Structures are given as structure tokens and as C-alpha cells.
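Content type compact mmCIF, N, CA and C atoms and all ligand atoms, from the file model13.txt:
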# COMPACT_ATOMS: atom_id res chain seq x y z
N MET T 1 16.64 8.17 -11.53
CA MET T 1 15.88 7.52 -10.47
C MET T 1 14.47 7.14 -10.95
N THR T 2 13.91 7.93 -11.89
CA THR T 2 12.55 7.66 -12.34
C THR T 2 12.46 6.35 -13.10
N GLN T 3 11.59 5.46 -12.62
CA GLN T 3 11.37 4.19 -13.30
C GLN T 3 9.87 4.00 -13.40
N PRO T 4 9.22 4.63 -14.41
CA PRO T 4 7.77 4.67 -14.47
C PRO T 4 7.11 3.30 -14.64
N HIS T 5 7.84 2.29 -15.08
CA HIS T 5 7.24 0.96 -15.24
C HIS T 5 7.05 0.27 -13.89
N ARG T 6 7.70 0.78 -12.87
CA ARG T 6 7.53 0.20 -11.54
C ARG T 6 6.40 0.90 -10.81
N ARG T 7 5.80 0.23 -9.86
CA ARG T 7 4.76 0.88 -9.06
C ARG T 7 5.44 1.61 -7.90
N THR T 8 4.75 2.61 -7.39
CA THR T 8 5.34 3.48 -6.37
C THR T 8 4.47 3.53 -5.12
N VAL T 9 5.12 3.39 -3.97
CA VAL T 9 4.42 3.48 -2.69
C VAL T 9 5.07 4.56 -1.83
N LEU T 10 4.23 5.26 -1.08
CA LEU T 10 4.70 6.21 -0.08
C LEU T 10 4.43 5.59 1.29
N VAL T 11 5.49 5.41 2.08
CA VAL T 11 5.36 4.82 3.41
C VAL T 11 5.63 5.92 4.43
N THR T 12 4.63 6.26 5.25
CA THR T 12 4.87 7.26 6.29
C THR T 12 5.49 6.56 7.51
N GLY T 13 6.32 7.30 8.22
CA GLY T 13 7.04 6.69 9.34
C GLY T 13 8.02 5.65 8.84
N GLY T 14 8.62 5.92 7.69
CA GLY T 14 9.47 4.93 7.02
C GLY T 14 10.91 4.88 7.50
N ALA T 15 11.25 5.72 8.47
CA ALA T 15 12.66 5.79 8.90
C ALA T 15 13.05 4.66 9.85
N ARG T 16 12.05 4.17 10.60
CA ARG T 16 12.38 3.19 11.65
C ARG T 16 11.27 2.13 11.75
N GLY T 17 11.56 1.11 12.52
CA GLY T 17 10.55 0.13 12.92
C GLY T 17 9.81 -0.53 11.77
N LEU T 18 8.49 -0.65 11.96
CA LEU T 18 7.67 -1.33 10.96
C LEU T 18 7.72 -0.62 9.61
N GLY T 19 7.77 0.72 9.64
CA GLY T 19 7.80 1.48 8.40
C GLY T 19 9.05 1.19 7.59
N ARG T 20 10.17 1.15 8.28
CA ARG T 20 11.42 0.84 7.60
C ARG T 20 11.39 -0.58 7.02
N ALA T 21 10.84 -1.52 7.79
CA ALA T 21 10.73 -2.91 7.31
C ALA T 21 9.81 -2.99 6.09
N LEU T 22 8.72 -2.20 6.12
CA LEU T 22 7.82 -2.16 4.96
C LEU T 22 8.54 -1.61 3.73
N CYS T 23 9.35 -0.58 3.93
CA CYS T 23 10.11 -0.03 2.79
C CYS T 23 10.98 -1.11 2.16
N ALA T 24 11.69 -1.86 3.02
CA ALA T 24 12.57 -2.92 2.51
C ALA T 24 11.76 -3.97 1.76
N ARG T 25 10.57 -4.31 2.31
CA ARG T 25 9.73 -5.34 1.68
C ARG T 25 9.25 -4.89 0.30
N PHE T 26 8.81 -3.63 0.21
CA PHE T 26 8.35 -3.11 -1.08
C PHE T 26 9.51 -3.06 -2.08
N LEU T 27 10.68 -2.63 -1.63
CA LEU T 27 11.83 -2.55 -2.55
C LEU T 27 12.17 -3.94 -3.09
N ARG T 28 12.15 -4.94 -2.19
CA ARG T 28 12.46 -6.32 -2.63
C ARG T 28 11.41 -6.82 -3.61
N ALA T 29 10.18 -6.30 -3.50
CA ALA T 29 9.10 -6.71 -4.41
C ALA T 29 9.11 -5.90 -5.71
N GLY T 30 10.08 -4.99 -5.85
CA GLY T 30 10.23 -4.29 -7.12
C GLY T 30 9.53 -2.95 -7.22
N TRP T 31 9.13 -2.38 -6.09
CA TRP T 31 8.46 -1.08 -6.09
C TRP T 31 9.46 0.06 -5.95
N ASN T 32 9.08 1.24 -6.44
CA ASN T 32 9.74 2.49 -6.04
C ASN T 32 9.18 2.85 -4.68
N VAL T 33 10.03 3.35 -3.79
CA VAL T 33 9.57 3.67 -2.44
C VAL T 33 9.94 5.10 -2.06
N ALA T 34 8.92 5.85 -1.60
CA ALA T 34 9.17 7.13 -0.96
C ALA T 34 8.90 6.93 0.52
N ALA T 35 9.90 7.20 1.35
CA ALA T 35 9.77 7.03 2.80
C ALA T 35 9.70 8.41 3.43
N MET T 36 8.57 8.71 4.07
CA MET T 36 8.38 10.01 4.71
C MET T 36 8.50 9.82 6.21
N ASP T 37 9.25 10.71 6.86
CA ASP T 37 9.36 10.60 8.32
C ASP T 37 9.78 11.95 8.90
N VAL T 38 9.31 12.23 10.09
CA VAL T 38 9.66 13.46 10.78
C VAL T 38 11.10 13.40 11.32
N ASP T 39 11.63 12.19 11.47
CA ASP T 39 12.98 11.99 11.99
C ASP T 39 13.96 11.93 10.81
N ALA T 40 14.49 13.10 10.47
CA ALA T 40 15.35 13.20 9.28
C ALA T 40 16.65 12.44 9.45
N ARG T 41 17.17 12.43 10.67
CA ARG T 41 18.46 11.74 10.88
C ARG T 41 18.32 10.23 10.65
N SER T 42 17.30 9.62 11.25
CA SER T 42 17.08 8.18 11.05
C SER T 42 16.70 7.88 9.60
N GLY T 43 15.93 8.80 9.00
CA GLY T 43 15.52 8.59 7.61
C GLY T 43 16.70 8.60 6.66
N THR T 44 17.63 9.52 6.89
CA THR T 44 18.80 9.59 6.03
C THR T 44 19.66 8.34 6.21
N ALA T 45 19.79 7.89 7.46
CA ALA T 45 20.57 6.67 7.72
C ALA T 45 19.90 5.46 7.07
N ALA T 46 18.56 5.37 7.20
CA ALA T 46 17.84 4.24 6.60
C ALA T 46 18.00 4.26 5.09
N ALA T 47 17.91 5.44 4.50
CA ALA T 47 18.00 5.55 3.04
C ALA T 47 19.36 5.06 2.54
N ARG T 48 20.41 5.37 3.32
CA ARG T 48 21.76 4.92 2.90
C ARG T 48 21.80 3.41 2.75
N THR T 49 21.15 2.68 3.66
CA THR T 49 21.14 1.21 3.61
C THR T 49 20.13 0.69 2.57
N LEU T 50 18.92 1.27 2.59
CA LEU T 50 17.83 0.71 1.79
C LEU T 50 18.00 0.93 0.29
N THR T 51 18.73 1.96 -0.11
CA THR T 51 18.88 2.20 -1.55
C THR T 51 19.64 1.06 -2.23
N ALA T 52 20.33 0.24 -1.44
CA ALA T 52 20.99 -0.94 -2.02
C ALA T 52 19.95 -1.94 -2.54
N LEU T 53 18.71 -1.85 -2.03
CA LEU T 53 17.66 -2.80 -2.43
C LEU T 53 16.87 -2.32 -3.63
N GLY T 54 16.93 -1.01 -3.92
CA GLY T 54 16.12 -0.48 -5.03
C GLY T 54 15.95 1.01 -4.89
N PRO T 55 15.11 1.60 -5.77
CA PRO T 55 14.95 3.04 -5.79
C PRO T 55 14.14 3.56 -4.60
N LEU T 56 14.81 4.22 -3.68
CA LEU T 56 14.15 4.77 -2.50
C LEU T 56 14.50 6.24 -2.36
N ARG T 57 13.51 7.02 -2.04
CA ARG T 57 13.70 8.44 -1.80
C ARG T 57 13.22 8.74 -0.39
N PHE T 58 14.09 9.30 0.46
CA PHE T 58 13.65 9.71 1.79
C PHE T 58 13.16 11.15 1.74
N LEU T 59 11.98 11.39 2.36
CA LEU T 59 11.40 12.73 2.40
C LEU T 59 11.11 13.10 3.84
N ALA T 60 11.77 14.15 4.32
CA ALA T 60 11.52 14.60 5.69
C ALA T 60 10.17 15.31 5.74
N GLY T 61 9.33 14.92 6.70
CA GLY T 61 8.03 15.58 6.80
C GLY T 61 7.21 15.02 7.95
N ASP T 62 6.26 15.86 8.39
CA ASP T 62 5.40 15.52 9.52
C ASP T 62 3.99 15.24 8.98
N VAL T 63 3.46 14.05 9.25
CA VAL T 63 2.13 13.70 8.73
C VAL T 63 1.02 14.54 9.38
N ALA T 64 1.34 15.21 10.49
CA ALA T 64 0.33 16.06 11.15
C ALA T 64 0.23 17.43 10.48
N ASP T 65 1.08 17.68 9.50
CA ASP T 65 1.10 18.97 8.81
C ASP T 65 0.66 18.76 7.35
N GLU T 66 -0.55 19.23 7.04
CA GLU T 66 -1.13 18.95 5.72
C GLU T 66 -0.24 19.45 4.57
N ALA T 67 0.36 20.63 4.75
CA ALA T 67 1.21 21.19 3.68
C ALA T 67 2.42 20.29 3.44
N GLN T 68 2.99 19.76 4.54
CA GLN T 68 4.16 18.88 4.38
C GLN T 68 3.77 17.57 3.70
N VAL T 69 2.59 17.07 4.03
CA VAL T 69 2.12 15.84 3.37
C VAL T 69 1.95 16.11 1.87
N ARG T 70 1.32 17.25 1.57
CA ARG T 70 1.11 17.62 0.16
C ARG T 70 2.46 17.71 -0.57
N ASP T 71 3.45 18.35 0.07
CA ASP T 71 4.78 18.47 -0.54
C ASP T 71 5.40 17.09 -0.79
N CYS T 72 5.26 16.19 0.20
CA CYS T 72 5.87 14.86 0.05
C CYS T 72 5.19 14.06 -1.06
N VAL T 73 3.86 14.18 -1.16
CA VAL T 73 3.15 13.49 -2.24
C VAL T 73 3.63 14.05 -3.59
N GLY T 74 3.71 15.38 -3.68
CA GLY T 74 4.16 16.01 -4.92
C GLY T 74 5.58 15.59 -5.29
N GLU T 75 6.44 15.54 -4.29
CA GLU T 75 7.84 15.16 -4.52
C GLU T 75 7.94 13.70 -4.97
N THR T 76 7.07 12.86 -4.41
CA THR T 76 7.05 11.44 -4.80
C THR T 76 6.67 11.31 -6.27
N VAL T 77 5.63 12.02 -6.67
CA VAL T 77 5.18 11.93 -8.07
C VAL T 77 6.24 12.52 -9.00
N ARG T 78 6.88 13.63 -8.57
CA ARG T 78 7.95 14.20 -9.41
C ARG T 78 9.12 13.22 -9.55
N SER T 79 9.45 12.51 -8.48
CA SER T 79 10.60 11.60 -8.50
C SER T 79 10.33 10.33 -9.29
N PHE T 80 9.10 9.78 -9.13
CA PHE T 80 8.84 8.45 -9.69
C PHE T 80 7.77 8.44 -10.79
N GLY T 81 7.13 9.58 -11.02
CA GLY T 81 6.17 9.66 -12.12
C GLY T 81 4.74 9.34 -11.76
N ALA T 82 4.51 8.72 -10.60
CA ALA T 82 3.15 8.36 -10.19
C ALA T 82 3.18 7.93 -8.73
N LEU T 83 1.99 7.78 -8.16
CA LEU T 83 1.86 7.23 -6.80
C LEU T 83 0.71 6.24 -6.82
N HIS T 84 0.99 4.98 -6.47
CA HIS T 84 -0.02 3.93 -6.55
C HIS T 84 -0.57 3.50 -5.20
N ALA T 85 0.23 3.68 -4.14
CA ALA T 85 -0.22 3.21 -2.83
C ALA T 85 0.42 4.04 -1.73
N VAL T 86 -0.31 4.18 -0.63
CA VAL T 86 0.21 4.87 0.55
C VAL T 86 0.02 3.95 1.75
N VAL T 87 1.06 3.80 2.56
CA VAL T 87 0.93 3.07 3.82
C VAL T 87 0.99 4.11 4.94
N ASN T 88 -0.14 4.33 5.58
CA ASN T 88 -0.22 5.30 6.68
C ASN T 88 0.26 4.64 7.97
N ASN T 89 1.56 4.55 8.10
CA ASN T 89 2.15 3.81 9.22
C ASN T 89 2.62 4.72 10.35
N ALA T 90 2.93 5.98 10.05
CA ALA T 90 3.53 6.87 11.05
C ALA T 90 2.65 6.94 12.30
N GLY T 91 3.29 6.87 13.43
CA GLY T 91 2.55 6.97 14.68
C GLY T 91 3.48 6.74 15.84
N ILE T 92 2.91 6.76 17.02
CA ILE T 92 3.72 6.58 18.23
C ILE T 92 3.26 5.29 18.89
N ALA T 93 4.20 4.38 19.09
CA ALA T 93 3.87 3.11 19.73
C ALA T 93 4.93 2.80 20.77
N ASP T 94 4.58 2.96 22.01
CA ASP T 94 5.52 2.60 23.08
C ASP T 94 4.72 2.00 24.23
N PRO T 95 4.62 0.67 24.24
CA PRO T 95 3.80 0.03 25.26
C PRO T 95 4.37 0.20 26.67
N TYR T 96 5.62 0.65 26.79
CA TYR T 96 6.24 0.79 28.11
C TYR T 96 6.11 2.20 28.67
N GLN T 97 5.51 3.07 27.86
CA GLN T 97 5.34 4.45 28.31
C GLN T 97 3.85 4.76 28.34
N GLY T 98 3.38 5.23 29.45
CA GLY T 98 1.94 5.52 29.59
C GLY T 98 1.58 6.77 28.83
N PRO T 99 0.35 7.21 28.98
CA PRO T 99 -0.07 8.44 28.33
C PRO T 99 0.71 9.63 28.85
N ARG T 100 0.90 10.63 27.99
CA ARG T 100 1.64 11.82 28.41
C ARG T 100 0.85 12.64 29.42
N LYS T 101 -0.47 12.57 29.32
CA LYS T 101 -1.32 13.34 30.22
C LYS T 101 -2.41 12.43 30.74
N ARG T 102 -2.74 12.57 32.00
CA ARG T 102 -3.83 11.79 32.57
C ARG T 102 -4.76 12.77 33.27
N SER T 103 -5.98 12.84 32.81
CA SER T 103 -6.92 13.79 33.42
C SER T 103 -7.77 13.09 34.46
N ARG T 104 -8.37 13.87 35.34
CA ARG T 104 -9.27 13.30 36.36
C ARG T 104 -10.65 13.89 36.18
N SER T 105 -11.64 13.06 36.38
CA SER T 105 -13.02 13.57 36.31
C SER T 105 -13.27 14.46 37.52
N SER T 106 -14.31 15.26 37.42
CA SER T 106 -14.62 16.18 38.51
C SER T 106 -14.94 15.45 39.81
N ASP T 107 -15.39 14.17 39.70
CA ASP T 107 -15.69 13.43 40.94
C ASP T 107 -14.45 12.73 41.50
N GLY T 108 -13.28 12.99 40.89
CA GLY T 108 -12.04 12.46 41.44
C GLY T 108 -11.65 11.10 40.89
N THR T 109 -12.52 10.46 40.12
CA THR T 109 -12.16 9.17 39.53
C THR T 109 -11.28 9.40 38.31
N ALA T 110 -10.58 8.35 37.91
CA ALA T 110 -9.70 8.48 36.74
C ALA T 110 -10.52 8.84 35.51
N GLY T 111 -10.07 9.81 34.74
CA GLY T 111 -10.81 10.24 33.55
C GLY T 111 -10.13 9.79 32.29
N SER T 112 -10.33 10.55 31.24
CA SER T 112 -9.78 10.15 29.94
C SER T 112 -8.28 10.36 29.91
N GLN T 113 -7.62 9.65 29.01
CA GLN T 113 -6.19 9.77 28.85
C GLN T 113 -5.89 10.27 27.46
N SER T 114 -4.82 11.00 27.32
CA SER T 114 -4.42 11.40 25.97
C SER T 114 -2.93 11.20 25.82
N THR T 115 -2.51 10.95 24.61
CA THR T 115 -1.09 10.73 24.36
C THR T 115 -0.53 11.85 23.54
N1 LIG T 201 5.05 -1.93 17.33
C1 LIG T 201 3.86 -2.34 17.76
O1 LIG T 201 3.72 -3.30 18.55
C2 LIG T 201 2.61 -1.66 17.27
C3 LIG T 201 1.37 -2.10 17.71
C4 LIG T 201 0.21 -1.49 17.25
C5 LIG T 201 0.30 -0.42 16.36
N2 LIG T 201 1.53 0.01 15.97
C6 LIG T 201 1.57 1.15 15.04
O2 LIG T 201 2.42 0.84 13.95
C7 LIG T 201 3.12 2.02 13.54
C8 LIG T 201 4.64 1.80 13.57
O3 LIG T 201 5.03 1.35 14.84
P1 LIG T 201 6.57 1.08 15.14
O4 LIG T 201 6.61 0.12 16.29
O5 LIG T 201 7.30 0.74 13.90
O6 LIG T 201 7.00 2.52 15.70
P2 LIG T 201 8.44 3.26 15.62
O7 LIG T 201 8.40 4.27 16.71
O8 LIG T 201 9.56 2.29 15.59
O9 LIG T 201 8.39 3.99 14.21
C9 LIG T 201 7.44 4.98 13.97
C10 LIG T 201 8.04 5.96 12.95
O10 LIG T 201 7.05 6.95 12.70
C11 LIG T 201 7.69 8.22 12.71
N3 LIG T 201 6.74 9.25 13.05
C12 LIG T 201 6.11 9.45 14.24
N4 LIG T 201 5.31 10.52 14.18
C13 LIG T 201 5.43 11.01 12.91
C14 LIG T 201 4.85 12.11 12.24
N5 LIG T 201 3.99 12.94 12.87
N6 LIG T 201 5.17 12.34 10.94
C15 LIG T 201 6.04 11.51 10.30
N7 LIG T 201 6.63 10.45 10.90
C16 LIG T 201 6.33 10.21 12.19
C17 LIG T 201 8.80 8.09 13.76
O11 LIG T 201 9.81 9.10 13.58
C18 LIG T 201 9.30 6.67 13.48
O12 LIG T 201 10.33 6.66 12.52
C19 LIG T 201 2.67 3.13 14.51
O13 LIG T 201 1.63 3.87 13.90
C20 LIG T 201 2.17 2.37 15.70
O14 LIG T 201 1.22 3.11 16.42
C21 LIG T 201 2.68 -0.58 16.38
Could you express the structure from this file as C-alpha cells?
Amino acid sequence: MTQPHRRTVLVTGGARGLGRALCARFLRAGWNVAAMDVDARSGTAAARTLTALGPLRFLAGDVADEAQVRDCVGETVRSFGALHAVVNNAGIADPYQGPRKRSRSSDGTAGSQST
């Protein structure tokens, strides 16, 4: 799997959506790709398809956990020999779902929202 002459990118949130599309784009451009995602089932399914385009390694991990990020970076370098770029794509985007929590100010008006 190691192809040190190619450049290597780590794409977070690479199992689905924009991240998965970015993985495909990098593979088509000749890069090694490490796709990190907390959703191992989708990541494994994506890897089955995307490896037809080039060298891709799926790594299960949560970007909110520093140790898991460190492990994924280490695993990427072990697999491909180097790491040249990171796309920090992982996140939650659902325009049809409001914030998970809505707080109210002490005066009863709408306060800050958090997701
Ligand atoms: N789609 C849009 O219109 C839009 C607009 C603005 C910003 N964004 C941002 O772009 C990024 C991708 O959006 P998308 O529409 O492809 O979303 P998506 O939900 O289709 O994909 C996001 C991926 O990130 C993964 N993920 C979420 N939290 C994670 C974590 N803690 N650790 C590792 N992986 C995690 C999910 O499992 C999923 O595979 C997000 O950061 C989103 O906030 C998207």
C-alpha cells in the first residue's frame, strides 16, 4: 500500500458527504488518502468503493478525541510514509434540524443556542 512518491492527505469526516467526495477527488488526482470518521460502518462501506480509485485507508476515529486524532495521524504516516495535507472536514451539518439545546436568558427572551 505504501507509495512514498505520491502525496498523502488525511480527510476527516471522510465516510460520507463532502468528505467522501473529497476523498474521491484526491484519489483521482493521484494522492494517497487516509479517511478518518467516527462512523465506522459508513467508512468501511466507502472504503470498499473508493479503493477502486487509488490507495485509500479508512481509519475509525473521533476528531473530538485528541488521542484518537494522534493515532490516526500516526497510522497515516505508517501506512503511506508521510502526511502532506489535512482537510478538517468532520462536523455536523443539518439545516433541517435546529439546535439540540435552546437556552433562555434570565429576562425570558431567547438566549444562546448550542448544537
Ligand atoms: N453540506 C452543507 O451544506 C454544509 C454547509 C456548511 C458547512 N458544512 C460543513 O462541511 C462538513 C461536511 O458536511 P457534510 O454535508 O458532508 O456532512 P455529512 O454529515 O454528510 O458528513 C459529515 C461526516 O463527518 C463525520 N463526523 C461527524 N462528527 C465527527 C467526529 N467528531 N469525528 C469524526 N468524524 C465525524 C460524520 O460521521 C460524517 O461522515 C461539515 O463540517 C459541515 O459542518 C456543510
Using all atoms listed in the file, which residue out of T:Ala21, T:Ala82, T:Ala40, T:Leu27 lies closest to T:Gly61? T:Ala40
Selection as number ranges by chain: residues within 8 Å of ligand LIG 201 (chain T) by only C-alpha atoms and all ligand atoms: T: 12-20, 36-39, 42-43, 60-65, 88-95
Contacts of T:Val86 at 8 Å or less, counting only N, CA and C atoms, minus same-chain residues fewer than 4 places along, as a short mmCIF file (atom, residue, chain, number, x, y, z; two decimals) with N, CA and C atoms, in the coordinates of the input?
data_model
loop_
_atom_site.label_atom_id
_atom_site.label_comp_id
_atom_site.auth_asym_id
_atom_site.auth_seq_id
_atom_site.Cartn_x
_atom_site.Cartn_y
_atom_site.Cartn_z
N THR T 8 4.75 2.61 -7.39
CA THR T 8 5.34 3.48 -6.37
C THR T 8 4.47 3.53 -5.12
N VAL T 9 5.12 3.39 -3.97
CA VAL T 9 4.42 3.48 -2.69
C VAL T 9 5.07 4.56 -1.83
N LEU T 10 4.23 5.26 -1.08
CA LEU T 10 4.70 6.21 -0.08
C LEU T 10 4.43 5.59 1.29
N VAL T 11 5.49 5.41 2.08
CA VAL T 11 5.36 4.82 3.41
C VAL T 11 5.63 5.92 4.43
N THR T 12 4.63 6.26 5.25
CA THR T 12 4.87 7.26 6.29
C THR T 12 5.49 6.56 7.51
#
Around stretch 37-41 of chain T, fit a box with edges along x, y and z, padding it by 3 Å on each side, then list its centre and edge lengths in Å to one decimal as JSON.
{"center_x": 13.9, "center_y": 11.8, "center_z": 9.4, "size_x": 15.2, "size_y": 9.2, "size_z": 11.1}
Assign secondary structure with DSSP using the backbone only, and return the residues of stretch 25-107 of chain T in strand (DSSP E or B) as a ChimeraX atom specification. /T:32-37,56-60,85-87,101-104
How many Å separate atom CA of T:Phe80 from atom CA of T:Ala45? 21.1 Å
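The spacing separating atom C of T:Glu66 from atom C of T:Leu22 amounts to 22.8 Å.
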